[in-house]
Structure formats: C-alpha cells, structure tokens
>>> print(open('query.txt').read())   # compact mmCIF, C-alpha atoms
# COMPACT_ATOMS: atom_id res chain seq x y z
CA MET R 1 104.63 6.70 -328.02
CA THR R 2 107.75 7.17 -325.96
CA ASP R 3 107.35 3.84 -324.17
CA HIS R 4 106.87 1.94 -327.48
CA ARG R 5 103.68 0.27 -326.29
CA ILE R 6 101.10 -0.72 -328.89
CA PRO R 7 98.56 2.13 -328.97
CA LEU R 8 95.11 1.30 -327.71
CA ALA R 9 91.86 3.16 -328.36
CA GLY R 10 88.20 2.37 -327.96
CA VAL R 11 84.68 3.58 -327.41
CA ILE R 12 83.18 4.24 -323.97
CA GLY R 13 79.50 4.42 -323.13
CA SER R 14 76.71 2.39 -321.62
CA PRO R 15 75.64 0.41 -323.54
CA VAL R 16 78.28 0.07 -326.26
CA ALA R 17 77.55 -3.38 -327.69
CA HIS R 18 75.65 -1.77 -330.58
CA SER R 19 78.56 0.49 -331.61
CA ARG R 20 79.97 0.02 -335.09
CA SER R 21 83.13 1.94 -334.20
CA PRO R 22 85.20 -1.18 -333.36
CA ARG R 23 84.40 -2.63 -336.79
CA LEU R 24 85.33 0.65 -338.48
CA HIS R 25 88.60 1.27 -336.66
CA GLY R 26 89.52 -2.40 -336.90
CA HIS R 27 89.11 -2.21 -340.67
CA TRP R 28 91.43 0.78 -340.90
CA LEU R 29 94.04 -0.80 -338.64
CA ARG R 30 94.11 -3.88 -340.88
CA GLN R 31 93.97 -1.86 -344.10
CA TYR R 32 97.05 0.17 -343.21
CA GLY R 33 98.88 -2.61 -341.40
CA LEU R 34 99.10 -0.60 -338.19
CA ALA R 35 99.90 -1.86 -334.73
CA GLY R 36 97.00 -1.04 -332.43
CA PHE R 37 93.68 -2.20 -331.05
CA TYR R 38 90.26 -0.57 -330.69
CA VAL R 39 87.88 -1.99 -328.09
CA PRO R 40 84.36 -1.28 -326.79
CA MET R 41 84.13 -0.52 -323.06
CA ASP R 42 80.85 -0.43 -321.17
CA ILE R 43 81.59 1.74 -318.14
CA ALA R 44 79.25 2.35 -315.21
CA PRO R 45 78.50 6.04 -314.49
CA GLU R 46 80.16 6.02 -311.08
CA LYS R 47 83.36 4.58 -312.64
CA LEU R 48 83.63 7.03 -315.55
CA GLU R 49 86.16 9.46 -314.10
CA THR R 50 88.30 6.69 -312.64
CA ALA R 51 88.33 4.96 -316.00
CA MET R 52 89.25 8.16 -317.83
CA ARG R 53 92.17 8.76 -315.47
CA THR R 54 93.34 5.14 -315.61
CA LEU R 55 93.13 4.37 -319.34
CA PRO R 56 96.28 6.33 -320.31
CA ASP R 57 98.32 4.27 -317.84
CA LEU R 58 97.10 1.13 -319.60
CA GLY R 59 98.36 2.31 -322.97
CA PHE R 60 95.27 4.05 -324.31
CA VAL R 61 95.91 7.04 -326.56
CA GLY R 62 92.27 8.06 -326.80
CA VAL R 63 88.64 7.00 -326.91
CA ASN R 64 85.40 7.82 -328.65
CA VAL R 65 82.47 8.69 -326.41
CA THR R 66 78.87 7.67 -326.93
CA ILE R 67 75.64 7.97 -324.98
CA PRO R 68 75.26 8.81 -322.13
CA TYR R 69 78.67 10.36 -321.49
CA LYS R 70 79.14 12.97 -324.23
CA GLU R 71 78.45 15.85 -321.84
CA LYS R 72 79.94 14.31 -318.68
CA VAL R 73 83.41 13.78 -320.18
CA MET R 74 83.71 17.52 -320.73
CA GLU R 75 83.63 18.03 -316.96
CA ILE R 76 86.45 15.50 -316.53
CA ALA R 77 88.67 16.74 -319.38
CA ASP R 78 91.52 19.15 -318.73
CA LEU R 79 91.12 20.79 -322.14
CA VAL R 80 87.92 21.20 -324.18
CA SER R 81 87.97 22.35 -327.81
CA ASP R 82 85.97 25.42 -328.86
CA ARG R 83 83.70 23.35 -331.07
CA ALA R 84 82.96 20.86 -328.30
CA THR R 85 82.10 23.78 -326.04
CA LEU R 86 79.85 25.30 -328.71
CA ILE R 87 78.07 22.00 -329.37
CA GLY R 88 77.90 21.14 -325.68
CA ALA R 89 79.19 17.60 -326.10
CA ALA R 90 82.38 15.69 -326.86
CA ASN R 91 82.70 12.50 -328.86
CA THR R 92 86.48 12.23 -329.14
CA ILE R 93 89.02 12.11 -326.31
CA ILE R 94 92.78 12.41 -326.75
CA PHE R 95 95.07 11.33 -323.93
CA ARG R 96 97.98 13.68 -324.45
CA LYS R 97 101.60 12.83 -323.76
CA ASP R 98 101.75 15.61 -321.17
CA GLY R 99 99.11 13.74 -319.15
CA ARG R 100 96.20 16.04 -319.93
CA ILE R 101 92.85 14.85 -321.26
CA HIS R 102 91.64 16.70 -324.36
CA ALA R 103 87.94 16.57 -325.32
CA ASP R 104 86.81 17.37 -328.86
CA ASN R 105 83.72 17.01 -331.04
CA THR R 106 84.09 15.74 -334.62
CA ASP R 107 80.38 15.22 -335.38
CA GLY R 108 80.08 18.48 -337.31
CA TYR R 109 83.21 17.66 -339.29
CA GLY R 110 81.79 14.22 -340.09
CA PHE R 111 78.47 15.69 -341.15
CA LEU R 112 80.06 18.19 -343.57
CA GLU R 113 82.55 15.73 -345.04
CA ASN R 114 79.76 13.21 -345.66
CA LEU R 115 77.71 15.91 -347.35
CA ARG R 116 80.62 17.01 -349.53
CA GLN R 117 81.44 13.45 -350.53
CA GLY R 118 77.84 12.43 -351.22
CA ALA R 119 76.77 15.70 -352.87
CA PRO R 120 79.95 17.24 -354.32
CA ASP R 121 77.98 19.96 -356.15
CA TRP R 122 76.33 21.23 -352.97
CA ASP R 123 76.99 24.93 -352.47
CA PRO R 124 76.51 26.05 -348.85
CA THR R 125 75.70 29.59 -349.97
CA ALA R 126 73.02 28.52 -352.48
CA GLY R 127 70.11 28.96 -350.10
CA PRO R 128 68.62 28.14 -346.72
CA ALA R 129 68.82 24.80 -344.96
CA VAL R 130 65.86 23.16 -343.26
CA LEU R 131 66.84 21.25 -340.13
CA LEU R 132 64.44 18.79 -338.51
CA GLY R 133 65.28 18.25 -334.85
CA ALA R 134 67.01 20.31 -332.17
CA GLY R 135 68.87 17.74 -330.05
CA GLY R 136 72.58 17.10 -329.60
CA ALA R 137 73.15 16.01 -333.20
CA ALA R 138 71.36 19.13 -334.43
CA ARG R 139 73.80 21.35 -332.52
CA ALA R 140 76.73 19.79 -334.37
CA VAL R 141 74.92 20.22 -337.70
CA VAL R 142 74.11 23.88 -337.00
CA ALA R 143 77.67 24.71 -335.96
CA SER R 144 79.10 23.12 -339.11
CA LEU R 145 76.56 24.68 -341.50
CA LEU R 146 77.08 28.17 -340.09
CA GLU R 147 80.83 27.77 -340.40
CA ALA R 148 80.42 26.56 -344.00
CA GLY R 149 78.50 29.72 -344.90
CA VAL R 150 74.85 28.62 -345.07
CA PRO R 151 72.90 31.92 -345.04
CA GLU R 152 69.90 30.75 -342.99
CA ILE R 153 68.85 27.63 -341.09
CA LEU R 154 65.15 26.97 -340.56
CA VAL R 155 64.88 24.78 -337.47
CA SER R 156 61.78 22.75 -336.71
CA ASN R 157 61.37 20.50 -333.69
CA ARG R 158 58.42 18.72 -332.14
CA THR R 159 59.12 20.65 -328.94
CA ARG R 160 59.45 24.29 -330.00
CA LEU R 161 61.33 25.25 -326.83
CA ARG R 162 64.38 23.21 -327.87
CA ALA R 163 64.42 24.88 -331.27
CA GLU R 164 64.22 28.28 -329.57
CA LYS R 165 67.21 27.32 -327.43
CA LEU R 166 69.21 26.56 -330.58
CA ARG R 167 68.40 30.00 -331.97
CA GLU R 168 69.34 31.60 -328.66
CA ASP R 169 72.70 29.81 -328.65
CA PHE R 170 73.62 30.17 -332.33
CA GLY R 171 72.11 33.48 -333.37
CA SER R 172 70.00 35.28 -335.91
CA ARG R 173 70.84 33.09 -338.91
CA LEU R 174 68.52 30.53 -337.33
CA ARG R 175 64.76 30.82 -337.67
CA VAL R 176 62.31 28.62 -335.78
CA VAL R 177 59.48 27.00 -337.74
CA GLU R 178 56.54 25.26 -336.09
CA TRP R 179 56.68 21.46 -336.51
CA VAL R 180 53.29 21.44 -338.25
CA HIS R 181 54.69 23.86 -340.86
CA ALA R 182 58.02 22.08 -341.45
CA GLY R 183 56.90 20.68 -344.78
CA ASN R 184 55.90 24.13 -346.04
CA VAL R 185 59.42 25.57 -345.92
CA MET R 186 61.14 22.81 -347.90
CA GLU R 187 60.24 24.28 -351.27
CA ASP R 188 62.84 27.03 -351.03
CA ALA R 189 65.49 24.97 -349.25
CA ALA R 190 68.83 24.14 -350.83
CA LEU R 191 69.43 21.53 -348.12
CA VAL R 192 67.13 19.44 -345.91
CA VAL R 193 68.56 17.60 -342.89
CA ASN R 194 66.82 15.15 -340.57
CA SER R 195 68.66 15.05 -337.24
CA THR R 196 65.83 13.34 -335.34
CA SER R 197 65.59 9.60 -334.68
CA LEU R 198 62.30 9.46 -336.58
CA GLY R 199 62.51 6.88 -339.33
CA MET R 200 65.06 4.76 -337.48
CA VAL R 201 64.41 1.06 -337.03
CA GLY R 202 62.22 0.71 -333.94
CA LYS R 203 61.16 4.36 -333.97
CA ALA R 204 58.12 6.13 -335.41
CA GLU R 205 58.23 7.28 -339.02
CA LEU R 206 59.01 10.87 -339.97
CA ARG R 207 55.56 12.16 -340.90
CA VAL R 208 56.49 15.64 -342.10
CA PRO R 209 54.93 16.31 -345.55
CA LEU R 210 57.61 16.00 -348.23
CA ASP R 211 55.73 17.13 -351.33
CA GLY R 212 57.55 20.49 -351.19
CA LEU R 213 60.89 18.87 -352.04
CA LYS R 214 62.10 19.87 -355.48
CA PRO R 215 64.62 18.30 -357.88
CA GLY R 216 68.19 19.27 -357.07
CA THR R 217 67.62 19.87 -353.37
CA VAL R 218 70.22 18.04 -351.26
CA VAL R 219 68.54 15.83 -348.66
CA THR R 220 70.41 14.00 -345.92
CA ASP R 221 69.28 11.87 -342.99
CA LEU R 222 71.48 11.26 -339.96
CA VAL R 223 69.64 7.96 -339.43
CA TYR R 224 71.54 5.05 -341.01
CA THR R 225 69.43 2.10 -339.87
CA PRO R 226 67.83 1.66 -342.34
CA LEU R 227 70.30 3.06 -344.83
CA GLN R 228 67.49 4.40 -346.99
CA THR R 229 64.85 5.99 -344.79
CA ARG R 230 61.42 7.04 -345.98
CA LEU R 231 62.73 10.63 -346.22
CA LEU R 232 65.53 9.58 -348.58
CA ARG R 233 63.28 7.26 -350.58
CA VAL R 234 60.69 9.98 -351.21
CA ALA R 235 63.38 12.58 -351.88
CA GLU R 236 65.01 10.31 -354.47
CA GLU R 237 61.66 9.79 -356.18
CA GLN R 238 61.30 13.57 -356.41
CA GLY R 239 64.70 14.06 -358.02
CA CYS R 240 66.65 15.26 -355.01
CA THR R 241 70.31 14.54 -354.35
CA CYS R 242 70.30 12.12 -351.40
CA VAL R 243 73.04 11.47 -348.86
CA ASP R 244 72.57 8.69 -346.29
CA GLY R 245 73.73 8.92 -342.68
CA LEU R 246 76.36 6.18 -342.67
CA GLY R 247 79.04 8.47 -344.06
CA MET R 248 78.74 10.86 -341.13
CA LEU R 249 79.48 8.00 -338.73
CA ILE R 250 82.56 7.11 -340.78
CA HIS R 251 83.89 10.61 -341.41
CA GLN R 252 83.57 11.71 -337.77
CA ALA R 253 85.98 8.90 -336.89
CA VAL R 254 88.74 10.10 -339.23
CA PRO R 255 90.33 12.84 -337.03
CA GLY R 256 90.47 10.61 -333.95
CA PHE R 257 92.00 7.68 -335.83
CA GLU R 258 94.64 9.93 -337.35
CA ARG R 259 95.53 11.43 -333.98
CA TRP R 260 95.68 8.07 -332.19
CA PHE R 261 97.35 5.87 -334.79
CA GLY R 262 99.28 8.37 -336.96
CA GLN R 263 97.55 7.59 -340.26
CA ARG R 264 94.79 9.59 -341.93
CA PRO R 265 92.36 6.97 -343.26
CA GLU R 266 90.55 7.21 -346.58
CA VAL R 267 86.77 6.91 -346.68
CA ASP R 268 85.75 4.82 -349.67
CA GLU R 269 83.36 2.04 -350.63
CA SER R 270 85.49 -0.58 -348.89
CA THR R 271 85.08 1.40 -345.65
CA ARG R 272 81.30 1.40 -346.03
CA ALA R 273 81.32 -2.31 -346.87
CA ALA R 274 83.41 -3.08 -343.79
CA ILE R 275 81.10 -1.24 -341.42
CA LEU R 276 77.95 -2.71 -342.95
CA GLY R 277 79.54 -6.13 -342.60
>>> encode(input="query.txt", output="structure tokens")
Amino acid sequence: MTDHRIPLAGVIGSPVAHSRSPRLHGHWLRQYGLAGFYVPMDIAPEKLETAMRTLPDLGFVGVNVTIPYKEKVMEIADLVSDRATLIGAANTIIFRKDGRIHADNTDGYGFLENLRQGAPDWDPTAGPAVLLGAGGAARAVVASLLEAGVPEILVSNRTRLRAEKLREDFGSRLRVVEWVHAGNVMEDAALVVNSTSLGMVGKAELRVPLDGLKPGTVVTDLVYTPLQTRLLRVAEEQGCTCVDGLGMLIHQAVPGFERWFGQRPEVDESTRAAILG
C-alpha cells in the first residue's frame, strides 16, 4: 500500500458471528508472519453502501461477503467479474488502489480446487454429474463444472422451477431431473454433488435414495457441519471417493487472501485443523 498502513480485511454480512473466515485468515496471517488483520463486521442493510465506500479510507484492502449481501454488493461495486455476473453473486470484494470497488466470486474456484485436492483422480470428462439443489451455491458449482469440461449436469431440486431456471441460464448441457427421481440417475454419474442445506446440523436429512451410488463415483457435499454427512457416510460405505465441504470454504478464500495480503496461502492439514479449532 502506498501509505504503508497495515492492510485490513474482513467479512461483512448479518449475522457474521458464525463465520469461520476470521479463524482461517488469522491462521494464514500468523503462519506467514504477515502484517494485517481480518475482522468480522455485522452491517445493517441500510448501512451497507456507506460501509463499502468508507472501509477503504480506514485501511481496508478488501472483504469477503456472506448472507444476505452477496447480490446487493454487485449493485454497489464499480467493477463486477464475469464469473460473479454469471453466478449472480459476489463473495469477494477488492478495494483497488484507483478507488474502484471490484466484486468477484471465488466459490466455483473453491469448489473445483477442493474436488481436485480431495479426489485427485477425478476426470471431469469421465461422465455426467448429478447436482442436488439449484440455489446460489449450485450456480457456482454449475459454472465451474461446465468450465472444467463436464459433459452433462443432471440437476434435481425440490422446487423444479429453480432447476429449470438453472438450465435456462447455463444451457443445454444441463438436464432437469424430478426430485423424486434424483436417486435413479446416480448409477451412471461420475460425480454427485449436494449443494442443498439438507444434512446440515439443524436441518432435515437428505432423503434421496443413495443405493444407486457405485464404487469409484466421486461424491462431495457442500455441507461441512457435520464434516461427514449422511450422504458422505453412505457413499463411503459403498466404495465411493468422498470429499467433504470444508475444503471448499478454505479454497475459496485463497484468491482473496493473496490479493489482499500479497501471499498465496497453502491449503494443508494444518489449515483444516486451524479452522476446525
């Protein structure tokens, strides 16, 4: 920074007390001996734009964005990346030296990097992917899988209309499957992804039949509380390659940290240990 201030970053949302991002970024700052701080900020909706315009003056170089502001910050930003536009949400904000606010989305990057680290033999072109859910997280997954070369994505959502909207937005490589038939299409899948909140602590279980899963199929769950969901437990019992959701949370933070603090952090077991605390 030209004014030699200690760089500040953080996470904005409402609420943010649950966020594990401060623990993650704090670990990396200590690990690499970097000057900088990362703080959670609970911002009221009517104060969001004022906060976004003020933070750079206070020494902030960027922020992560969580619920409910992932869409709203795109209206405030001066620049929005193509992938954030495609996904329809931003999770990473860069306060540029020229004074402009840049909004980006690294969720798809985090999803793919987690998949590649947890299932290094996964071949995107090996066959179709089954995607459960059609919300904001699903959009990031779809964008990243299409870019990686997955030939077909079978999308199933409890509300069919949302799945249809995904197909409308992303094209003919998506096929909508009725929720009651989601289990039937897993047999031929090379990859199965749960992007719903089903199976999360405090939520209902994912009740989709899983007997169609076959050994060697890569199965990943974006839920990371608990770390091993019922989906992953059953998939493991059936010989699948399982990837939990914690890595996506970690990997999506890498590009922002590098941009803000000038160091590309490694994602290893010590990182996972730090965030699990």
>>> atom_distance(input="query.txt", atom1="CA of Asn114 (chain R)", atom2="CA of Ser197 (chain R)")
18.3 Å
>>> atom_distance(input="query.txt", atom1="CA of Met74 (chain R)", atom2="CA of Thr106 (chain R)")
14.0 Å
>>> residues_around(input="query.txt", residues="region 6-15 of chain R", least_positions_apart="5", cutoff="10 Å", atoms="only C-alpha atoms", output="ChimeraX atom specification")
/R:1,20-22,25,34-45,48,51-52,55-56,58-70,91-95,256-257,260-261
>>> residues_around(input="query.txt", residues="Arg175 (chain R)", least_positions_apart="6", cutoff="8 Å", atoms="all atoms listed in the file", output="compact mmCIF listing (two decimals) with C-alpha atoms, in the coordinates of the input")
# COMPACT_ATOMS: atom_id res chain seq x y z
CA GLU R 152 69.90 30.75 -342.99
CA ILE R 153 68.85 27.63 -341.09
CA LEU R 154 65.15 26.97 -340.56
CA VAL R 155 64.88 24.78 -337.47
CA ARG R 167 68.40 30.00 -331.97
>>> residues_around(input="query.txt", residues="Leu79 (chain R)", least_positions_apart="3", cutoff="7 Å", atoms="all atoms listed in the file", output="VMD selection string")
chain R and resid 101 to 103
>>> closest_residue(input="query.txt", among="R:Lys214, R:His18, R:Arg139, R:His181", to="Asp169 (chain R)", atoms="all atoms listed in the file")
R:Arg139
>>> residues_near_point(input="query.txt", point="(77.7, 16.3, -324.0)", cutoff="6 Å", atoms="only C-alpha atoms", output="list in words")
Lys70, Glu71, Gly88, Ala89 and Ala90 of chain R
>>> atom_distance(input="query.txt", atom1="CA of Ala84 (chain R)", atom2="CA of Ala138 (chain R)")
13.2 Å
>>> closest_residue(input="query.txt", among="R:Gly183, R:Gly99, R:Gly216, R:Gly202", to="Thr241 (chain R)", atoms="all atoms listed in the file")
R:Gly216
>>> closest_residue(input="query.txt", among="R:Cys240, R:Ala134, R:Leu112, R:Ala129", to="Pro151 (chain R)", atoms="all atoms listed in the file")
R:Ala129
>>> closest_residue(input="query.txt", among="R:Pro128, R:Gly199, R:Pro209, R:Gly149", to="Asp221 (chain R)", atoms="all atoms listed in the file")
R:Gly199
>>> closest_residue(input="query.txt", among="R:Glu46, R:Lys165, R:Cys242, R:Ala148", to="Gly135 (chain R)", atoms="only C-alpha atoms")
R:Lys165
>>> closest_residue(input="query.txt", among="R:Pro215, R:Pro124, R:Gly239, R:Gly245", to="Ala137 (chain R)", atoms="only C-alpha atoms")
R:Gly245
>>> residues_around(input="query.txt", residues="region 225-229 of chain R", least_positions_apart="3", cutoff="10 Å", atoms="all atoms listed in the file", output="list in words")
Ser197, Leu198, Gly199, Met200, Val201, Gly202, Glu205, Leu206, Thr220, Asp221, Leu222, Leu232, Arg233, Val234, Ala235, Glu236, Cys242, Val243, Asp244, Gly245, Leu246 and Leu276 of chain R
>>> build_atoms(input="query.txt", residues="region 180-216 of chain R", atoms="N, CA and C atoms", output="tab-separated table (two decimals), keeping the file's coordinate frame")
chain	number	residue	atom	x	y	z
R	180	VAL	N	54.40	21.69	-337.31
R	180	VAL	CA	53.29	21.44	-338.25
R	180	VAL	C	53.50	22.16	-339.58
R	181	HIS	N	54.42	23.12	-339.62
R	181	HIS	CA	54.69	23.86	-340.86
R	181	HIS	C	56.02	23.47	-341.50
R	182	ALA	N	56.69	22.45	-340.96
R	182	ALA	CA	58.02	22.08	-341.45
R	182	ALA	C	58.02	21.75	-342.94
R	183	GLY	N	56.98	21.05	-343.37
R	183	GLY	CA	56.90	20.68	-344.78
R	183	GLY	C	56.76	21.88	-345.70
R	184	ASN	N	56.18	22.96	-345.20
R	184	ASN	CA	55.90	24.13	-346.04
R	184	ASN	C	57.15	24.91	-346.43
R	185	VAL	N	58.22	24.76	-345.66
R	185	VAL	CA	59.42	25.57	-345.92
R	185	VAL	C	60.47	24.83	-346.76
R	186	MET	N	60.17	23.60	-347.14
R	186	MET	CA	61.14	22.81	-347.90
R	186	MET	C	61.28	23.26	-349.34
R	187	GLU	N	60.24	23.90	-349.86
R	187	GLU	CA	60.24	24.28	-351.27
R	187	GLU	C	61.39	25.19	-351.64
R	188	ASP	N	61.78	26.07	-350.74
R	188	ASP	CA	62.84	27.03	-351.03
R	188	ASP	C	64.19	26.61	-350.46
R	189	ALA	N	64.26	25.42	-349.91
R	189	ALA	CA	65.49	24.97	-349.25
R	189	ALA	C	66.49	24.42	-350.26
R	190	ALA	N	67.76	24.74	-350.04
R	190	ALA	CA	68.83	24.14	-350.83
R	190	ALA	C	69.29	22.83	-350.19
R	191	LEU	N	69.01	22.70	-348.88
R	191	LEU	CA	69.43	21.53	-348.12
R	191	LEU	C	68.37	21.20	-347.09
R	192	VAL	N	68.05	19.91	-346.95
R	192	VAL	CA	67.13	19.44	-345.91
R	192	VAL	C	67.86	18.36	-345.11
R	193	VAL	N	67.85	18.53	-343.78
R	193	VAL	CA	68.56	17.60	-342.89
R	193	VAL	C	67.59	17.06	-341.84
R	194	ASN	N	67.55	15.74	-341.70
R	194	ASN	CA	66.82	15.15	-340.57
R	194	ASN	C	67.81	14.74	-339.51
R	195	SER	N	67.77	15.41	-338.35
R	195	SER	CA	68.66	15.05	-337.24
R	195	SER	C	67.90	14.36	-336.12
R	196	THR	N	66.61	14.06	-336.34
R	196	THR	CA	65.83	13.34	-335.34
R	196	THR	C	66.05	11.84	-335.50
R	197	SER	N	65.52	11.06	-334.56
R	197	SER	CA	65.59	9.60	-334.68
R	197	SER	C	64.38	9.04	-335.41
R	198	LEU	N	63.49	9.91	-335.86
R	198	LEU	CA	62.30	9.46	-336.58
R	198	LEU	C	62.71	8.80	-337.90
R	199	GLY	N	62.14	7.63	-338.15
R	199	GLY	CA	62.51	6.88	-339.33
R	199	GLY	C	63.51	5.78	-339.06
R	200	MET	N	64.12	5.80	-337.87
R	200	MET	CA	65.06	4.76	-337.48
R	200	MET	C	64.32	3.46	-337.18
R	201	VAL	N	64.99	2.35	-337.38
R	201	VAL	CA	64.41	1.06	-337.03
R	201	VAL	C	63.98	1.08	-335.56
R	202	GLY	N	62.74	0.73	-335.30
R	202	GLY	CA	62.22	0.71	-333.94
R	202	GLY	C	61.63	2.02	-333.48
R	203	LYS	N	61.73	3.05	-334.30
R	203	LYS	CA	61.16	4.36	-333.97
R	203	LYS	C	59.98	4.66	-334.90
R	204	ALA	N	59.22	5.70	-334.55
R	204	ALA	CA	58.12	6.13	-335.41
R	204	ALA	C	58.67	6.72	-336.70
R	205	GLU	N	57.84	6.70	-337.74
R	205	GLU	CA	58.23	7.28	-339.02
R	205	GLU	C	58.24	8.81	-338.95
R	206	LEU	N	59.03	9.42	-339.81
R	206	LEU	CA	59.01	10.87	-339.97
R	206	LEU	C	57.79	11.21	-340.82
R	207	ARG	N	56.83	11.90	-340.22
R	207	ARG	CA	55.56	12.16	-340.90
R	207	ARG	C	55.45	13.57	-341.47
R	208	VAL	N	56.51	14.29	-341.52
R	208	VAL	CA	56.49	15.64	-342.10
R	208	VAL	C	56.17	15.54	-343.60
R	209	PRO	N	55.23	16.33	-344.12
R	209	PRO	CA	54.93	16.31	-345.55
R	209	PRO	C	56.16	16.64	-346.38
R	210	LEU	N	56.39	15.85	-347.43
R	210	LEU	CA	57.61	16.00	-348.23
R	210	LEU	C	57.32	16.42	-349.67
R	211	ASP	N	56.08	16.78	-349.95
R	211	ASP	CA	55.73	17.13	-351.33
R	211	ASP	C	56.35	18.46	-351.77
R	212	GLY	N	56.90	19.22	-350.83
R	212	GLY	CA	57.55	20.49	-351.19
R	212	GLY	C	58.97	20.31	-351.70
R	213	LEU	N	59.52	19.11	-351.56
R	213	LEU	CA	60.89	18.87	-352.04
R	213	LEU	C	60.94	19.02	-353.56
R	214	LYS	N	61.98	19.66	-354.03
R	214	LYS	CA	62.10	19.87	-355.48
R	214	LYS	C	63.39	19.25	-356.00
R	215	PRO	N	63.41	18.89	-357.29
R	215	PRO	CA	64.62	18.30	-357.88
R	215	PRO	C	65.84	19.18	-357.65
R	216	GLY	N	66.94	18.54	-357.30
R	216	GLY	CA	68.19	19.27	-357.07
R	216	GLY	C	68.46	19.62	-355.63
